[in-house]
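A.B. asks: The structure's right below; bear with me while I get my questions together.
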2 protein chains.
Amino acid sequence: MLRLGPLAAAGRLLPAGPRLEPPRPAGGRVSFLRCWPPRLPGPVGDGRPLSQQVRAAADSAGGGGGRGLALKTPKGTRDHPPAHVALRDHLLAAVVACFKRHGAAAIDTPVLELRLQTPPLRAPVLPIPSFQWLSSCSERAVVFAMATMQVPFARYLAMNKITNMKRYHVAKVYRRDSPATTRGRYREFYQCDFDIAGQCDPMIPDAECLKIVHEILSDLQLGDFLIKVNDRRILNGVFAICGVPESKFITTCSTVDKLDKVPWEEVKSEMVEEKGLSPEAADYIGEYVQLHGGLDLVERLLQDPKLSQNKLAKEGLGDMKLLFEYLTLFGITGQISFDLSLARGLDYYTGVIFEAVLLQQENDHVEEPVSVGSVAGGGRYDGLVGMFDPKGRKVPCVGVSIGIERIFSILEQRVKASGEKVRTTETQVLVATPQKHLLAARLKLISELWDAGIKAEMLYKKDPKLLKQLQYCEDTGIPLAAIVGEQELTDGVVKLRDVARREEVDIPREKLVDEIRRRLEP
Amino acid sequence: MLRLGPLAAAGRLLPAGPRLEPPRPAGGRVSFLRCWPPRLPGPVGDGRPLSQQVRAAADSAGGGGGRGLALKTPKGTRDHPPAHVALRDHLLAAVVACFKRHGAAAIDTPVLELRLQTPPLRAPVLPIPSFQWLSSCSERAVVFAMATMQVPFARYLAMNKITNMKRYHVAKVYRRDSPATTRGRYREFYQCDFDIAGQCDPMIPDAECLKIVHEILSDLQLGDFLIKVNDRRILNGVFAICGVPESKFITTCSTVDKLDKVPWEEVKSEMVEEKGLSPEAADYIGEYVQLHGGLDLVERLLQDPKLSQNKLAKEGLGDMKLLFEYLTLFGITGQISFDLSLARGLDYYTGVIFEAVLLQQENDHVEEPVSVGSVAGGGRYDGLVGMFDPKGRKVPCVGVSIGIERIFSILEQRVKASGEKVRTTETQVLVATPQKHLLAARLKLISELWDAGIKAEMLYKKDPKLLKQLQYCEDTGIPLAAIVGEQELTDGVVKLRDVARREEVDIPREKLVDEIRRRLEP
């Protein structure tokens with residue numbers, strides 16, 4: 001299995017060199033202002049060439065030397081420098097490997113989804129939690145970016161009349177709430193989803209989703225974790241027998257969901273004062289939702305005289321028992337907790353719900369304890385596809401979403417604390433020359449290496465100093481240097497240098513590629 | 001090197017089974033309408049729960065049974081089913097492998113960029129070729145999605161004061177012109193960019209960009225191709241000596257760019273009638289821009305009495321000579337053509353420009369000749385970073401963009417014509433049972449395989465028929481089936497079936513993982 005191994009050596013910016021040539025003038029108009037469709041009558045803006053308009057805007061915009069042309073990213077978004085992307089790609093590779101191990105195919109849907117604005121909806125344009133594309137198309141439609149990929153997946157299934165599919169989807173998604181970038185909450189973020197759609201025998205795919213969470217969190221070696229499991233039917237059953245009217249199930253659910261952050265007394269007072277439940281009903285609910293345990297708790301609740309009379313709860317508890325049976329076969333019940341306080345935010349869940357949390361621990365790799373919430377979650381949503389289908393045909397679905405951004409933050413902090421640098425390139429060899437007038441020799445050799453599939457770099461100077469070339473290797477973690485000087489050219493050899501050991505040995509030119517491959521074998 | 005190998009077996013939808021349980025009711029409100037920030041006063045829309053609003057909208061929207069709730073993708077976008085994504089990932093892997101071979105690091109920037117709307121610009125909101133995010137932030141800013149990644153790259157360099165960097169970036173980008181989806185022109189599409197920023201000795205990074213194009217097109221085995229090269233300075237020099245006023249350089253450039261699609265006579269008449277050049281000037285230009293050749297042509301133009309007097313042209317021709325020297329060392333001049341009609345659309349190019357085209361050919365893999373234009377292009381843009389920098393500091397850049405969507409269309413057509421199916425999953429083993437009441441045995445075995453890193457699936461039924469399980473292997477291209485029946489459980493073995501050969505052999509359970517690995521070695 002893919003495990004995050006040690007992360008080796010050095011960031012990668014080329015060493016700054018002296019400026020060699022005077023800056024050349026810009027060519028003219030700036031292209032990103034030009035791709036407006038030709039239909040549009042007349043010139044854009046005030047009619048001047050757009051590069052002039054941009055410059056004028058920049059000159060008068062104030063800030064940063066009076067030329068502050070949008071020198072920042074939009075609110076709630078950020079750039080990802082090479083060290084970020086290298087770590088993230090590593091992480092995504094582990095997640096995708098697990099999804100593929102479970103036989104999922106990948107799909108991709110547009111970043112934007114379409115919602116027709118028909119009279120009864122009359123939703124104002126603003127409250128749509130999204131980017132909006134100022135579309136020139138005539139239909140009265142709002143195009144918006146998704147904050148969850150289960151909705152586009154449901155739309156995809158309904159649109160293509162697919163009733164069975166196991167797919168994963170890794171993509172950027174967008175949310176329009178207030179960003180809290182210090183807490184790692186951004187408006188643009190990655191999502192990794194795995195979902196199984198189709199009629200299945202009870203709890204088999206649900207159990208697989210939990211196995212997937214277990215595998216990914218184990219593979220990533222994030223430390224101890226717990227996967228909380230519950231079922232919306234059990235929760236609804238509890239509310240019903242406690243006398244909560246059905247119209248208040250959802251709002252009560254979201255209050256219960258706070259139990260992992262605040263004590264019961266606060267949850268109770270919200271139920272009574274804000275949600276209008278009687279203190280007795282709240283106390284009654286409290287007796288149930290503070291329970292957590294394993295198969296024994298499921299068995300106990302199945303014997304509960306009131307709860308076992310409720311049809312939904314009984315169904316949910318029966319399935320929970322089955323789930324524990326399957327999870328026992330998978331050997332993962334040690335990290336599973338049946339937790340009646342788990343409610344999950346999303347409203348479209350209809351059955352099993354789950355959420356994985358990392359457990360606080362003494363960890364000598366981390367300077368201060370990392371505070372993290374849920375790192376994965378999901379559940380069963382059997383009604384969503386039917387909402388898109390013209391005939392209301394339902395396709396049962398269960399899925400899991402991996403909280404890649406939170407896991408990324410943890411790994412990033414861990415890397416930082418370890419003092420290791422993430423290597424952001426994979427270059428194996430630097431092609432170097434020790435004397436002047438050997439650019440041609442370098443170009444010829446590096447070309448041979450590229451054609452043989454070797455990852456190779458050279459400095460973009462005609463006559464770089466050897467010391468500077470070797471320094472570049474050390475700075476960026478390149479393990480080998482292939483050096484061709486006049487003597488080597490005469491002898492038909494290349495001096496191969498082990499950068500870390502600072503050892504050099506002459507290799508016959510025709511054997512160089514094999515020798516490099518041999519040295520870099522894992 | 002990574003080469004696109006034969007693409008094996010079968011699409012991947014689970015076989016449809018009978019419905020087992022009645023559809024469950026949806027939980028309540030639909031989450032994608034809920035993430036609006038809590039600041040917003042009052043309920044969204046007409047105050048009813050949002051799931052009710054959505055249903056009401058759907059019911060009255062007409063079309064498709066009266067519930068047509070946005071059952072399509074936004075204009076100019078499309079879904080990518082598994083077969084698409086599998087092929088595209090294969091293609092992207094080859095491109096990224098080449099970028100990494102050349103030592104590039106990956107960066108990622110937001111899909112959206114910010115442009116301050118300051119008074120002198122006064123650009124109306126609509127003509128910005130973009131999605132716009134209806135932002136609640138107070139600054140007068142327009143946030144828009146990019147159609148090229150060189151602009152965000154330049155912004156990234158300026159913002160972080162980076163003067164040297166070799167990076168690649170693979171991401172979705174957006175353009176707002178009229179989509180022509182039948183010609184494969186979408187509003188949402190993938191872009192693969194490789195750029196080298198920093199002061200370098202002339203033409204060394206430029207030559208590497210051309211080598212990269214050559215490697216990628218060779219690796220992908222797309223057939224014969226030609227890389228056209230020119231230099232904006234040479235073109236501007238030609239215009240200058242032909243008497244074109246400097247204010248008309250850019251517009252003349254875009255007229256010249258049409259020479260690969262229309263005959264010279266049409267280009268000339270556009271120059272004279274639309275662009276206001278004299279017929280003599282147009283003819284004079286025509287003498288130059290219809291030239292193409294190799295190093296010999298460069299040498300000839302360097303001797304040209306008029307052109308060699310023009311400072312810019314002389315500089316460009318000198319660099320072009322150097323470029324050909326380097327490309328000779330790379331051994332790729334056979335696919336390079338110095339073509340004076342190449343102008344490139346983007347205005348920010350300042351030096352070398354290039355574009356790769358596939359050559360029409362007899363190809364028995366393709367039913368009808370594929371009409372494709374440019375599959376890669378790029379050039380030098382030394383002024384763009386300076387436009388973002390508050391102090392106008394310039395960072396010279398040269399880069400290449402791989403036309404992944406066009407290459408994808410070609411490969412897709414080729415796969416279609418070959419009759420081969422793209423396998424969309426990588427599952428190695430189906431865990432199957434031949435009798436009833438063996439679900440537990442299947443779950444236990446598949447769990448062992450997953451934990452050993454084997455890609456394994458099973459059907460989500462308690463008691464599936466063996467024939468159905470084997471059929472699923474054949475349909476989806478799974479090469480092996482691991483079968484556990486009562487006899488196998490008693491004997492401590494697993495029956496391993498080679499699906500293609502229909503051969504079965506008993507393997508001791510503890511040797512199963514090794515045997516599967518051995519069978520699947522490449």
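Letters for chains follow the order of the structure tokens (A, B, ...), residue numbers begin at 1 for each chain, and ligand numbers begin at 1 in the order shown.
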Need to verify the contact set: region 199-204 of chain A, 10 Å, only C-alpha atoms, exclusion of same-chain residues closer than 3 positions in sequence. Can you return it as JSON, numbers by chain?

C.D. replies: {"A": [163, 164, 196, 207, 208, 209, 319, 320, 321, 322, 323, 324, 325, 326, 327, 351, 352, 380, 382, 394, 395, 396, 397, 398], "B": [16, 17, 18, 19, 20, 21, 439, 443, 458, 459, 460, 461, 462, 463]}

A.B. asks: What residues in region 233-354 of chain A get the DSSP label alpha helix (DSSP H)? Please answer as a compact mmCIF listing (two decimals) with C-alpha atoms, in the first residue's frame.

C.D. replies:
# COMPACT_ATOMS: atom_id res chain seq x y z
CA ARG A 233 -33.52 6.42 10.97
CA ILE A 234 -32.42 5.71 14.54
CA LEU A 235 -32.16 9.43 15.30
CA ASN A 236 -35.58 10.09 13.82
CA GLY A 237 -36.95 7.16 15.81
CA VAL A 238 -35.51 8.63 18.99
CA PHE A 239 -37.07 12.02 18.24
CA ALA A 240 -40.41 10.38 17.51
CA ILE A 241 -40.60 8.42 20.75
CA PHE A 249 -36.68 16.51 13.24
CA ILE A 250 -34.15 18.33 11.06
CA THR A 251 -33.66 21.30 13.31
CA THR A 252 -33.37 19.02 16.37
CA CYS A 253 -30.86 16.96 14.42
CA SER A 254 -28.60 19.98 13.88
CA THR A 255 -28.77 20.80 17.59
CA VAL A 256 -27.80 17.25 18.52
CA TRP A 264 -25.20 18.46 27.07
CA GLU A 265 -26.57 21.31 29.19
CA GLU A 266 -26.00 23.80 26.38
CA VAL A 267 -27.50 21.49 23.80
CA LYS A 268 -30.51 21.00 26.02
CA SER A 269 -31.06 24.71 26.55
CA PRO A 279 -37.65 20.17 28.98
CA GLU A 280 -38.98 16.64 29.47
CA ALA A 281 -38.64 15.81 25.75
CA ALA A 282 -35.13 17.28 25.73
CA ASP A 283 -34.11 15.22 28.75
CA TYR A 284 -35.58 12.13 27.18
CA ILE A 285 -33.59 12.78 23.96
CA GLY A 286 -30.52 13.39 26.11
CA GLU A 287 -30.75 9.92 27.59
CA TYR A 288 -30.36 8.45 24.11
CA VAL A 289 -28.02 10.79 22.25
CA LEU A 295 -22.45 -4.02 19.00
CA ASP A 296 -23.54 -4.41 22.65
CA LEU A 297 -25.24 -1.01 22.54
CA VAL A 298 -27.01 -1.92 19.32
CA GLU A 299 -28.29 -5.13 20.95
CA ARG A 300 -29.40 -3.20 24.04
CA LEU A 301 -31.35 -0.64 22.01
CA LEU A 302 -32.96 -3.42 20.00
CA GLN A 303 -34.35 -4.59 23.36
CA LYS A 311 -40.53 1.14 12.75
CA LEU A 312 -37.77 3.41 11.45
CA ALA A 313 -35.56 2.98 14.50
CA LYS A 314 -35.97 -0.78 14.42
CA GLU A 315 -34.99 -0.85 10.74
CA GLY A 316 -31.96 1.32 11.47
CA LEU A 317 -30.89 -0.75 14.46
CA GLY A 318 -31.25 -3.98 12.49
CA ASP A 319 -29.04 -2.57 9.75
CA MET A 320 -26.57 -1.29 12.35
CA LYS A 321 -26.27 -4.80 13.72
CA LEU A 322 -25.60 -6.11 10.22
CA LEU A 323 -23.04 -3.35 9.68
CA PHE A 324 -21.15 -4.37 12.83
CA GLU A 325 -21.19 -7.97 11.62
CA TYR A 326 -19.52 -6.95 8.36
CA LEU A 327 -17.07 -4.61 10.06
CA THR A 328 -16.05 -7.47 12.34
CA LEU A 329 -15.22 -9.54 9.26
CA PHE A 330 -13.14 -6.58 8.01

A.B. asks: Kindly indicate which residue among A:Lys258, A:Arg187, A:Lys228, A:Lys421 lies nearest to Gly294 (chain A), using only C-alpha atoms for the distances.

C.D. replies: A:Lys228

A.B. asks: Write out as a list in words the set of residues from region 173-331 of chain B that DSSP, computed on the backbone, places in strand (DSSP E).

C.D. replies: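 DSSP-assigned strand (DSSP E) residues in region 173-331 of chain B: Val173, Tyr174, Glu188, Phe189, Tyr190, Gln191, Cys192, Asp193, Phe194, Asp195, Ile196, Ala197, Phe225, Leu226, Ile227, Lys228, Val229, Asn230, Asp231, His292 and Gly293 of chain B.
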
A.B. asks: Which residue out of B:Ala154, B:Ala343, B:Ala440, B:Leu87 has the minimum interatomic distance to chain A when only C-alpha atoms are used?

C.D. replies: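 Counting only C-alpha atoms, the residue closest to chain A is B:Ala440.
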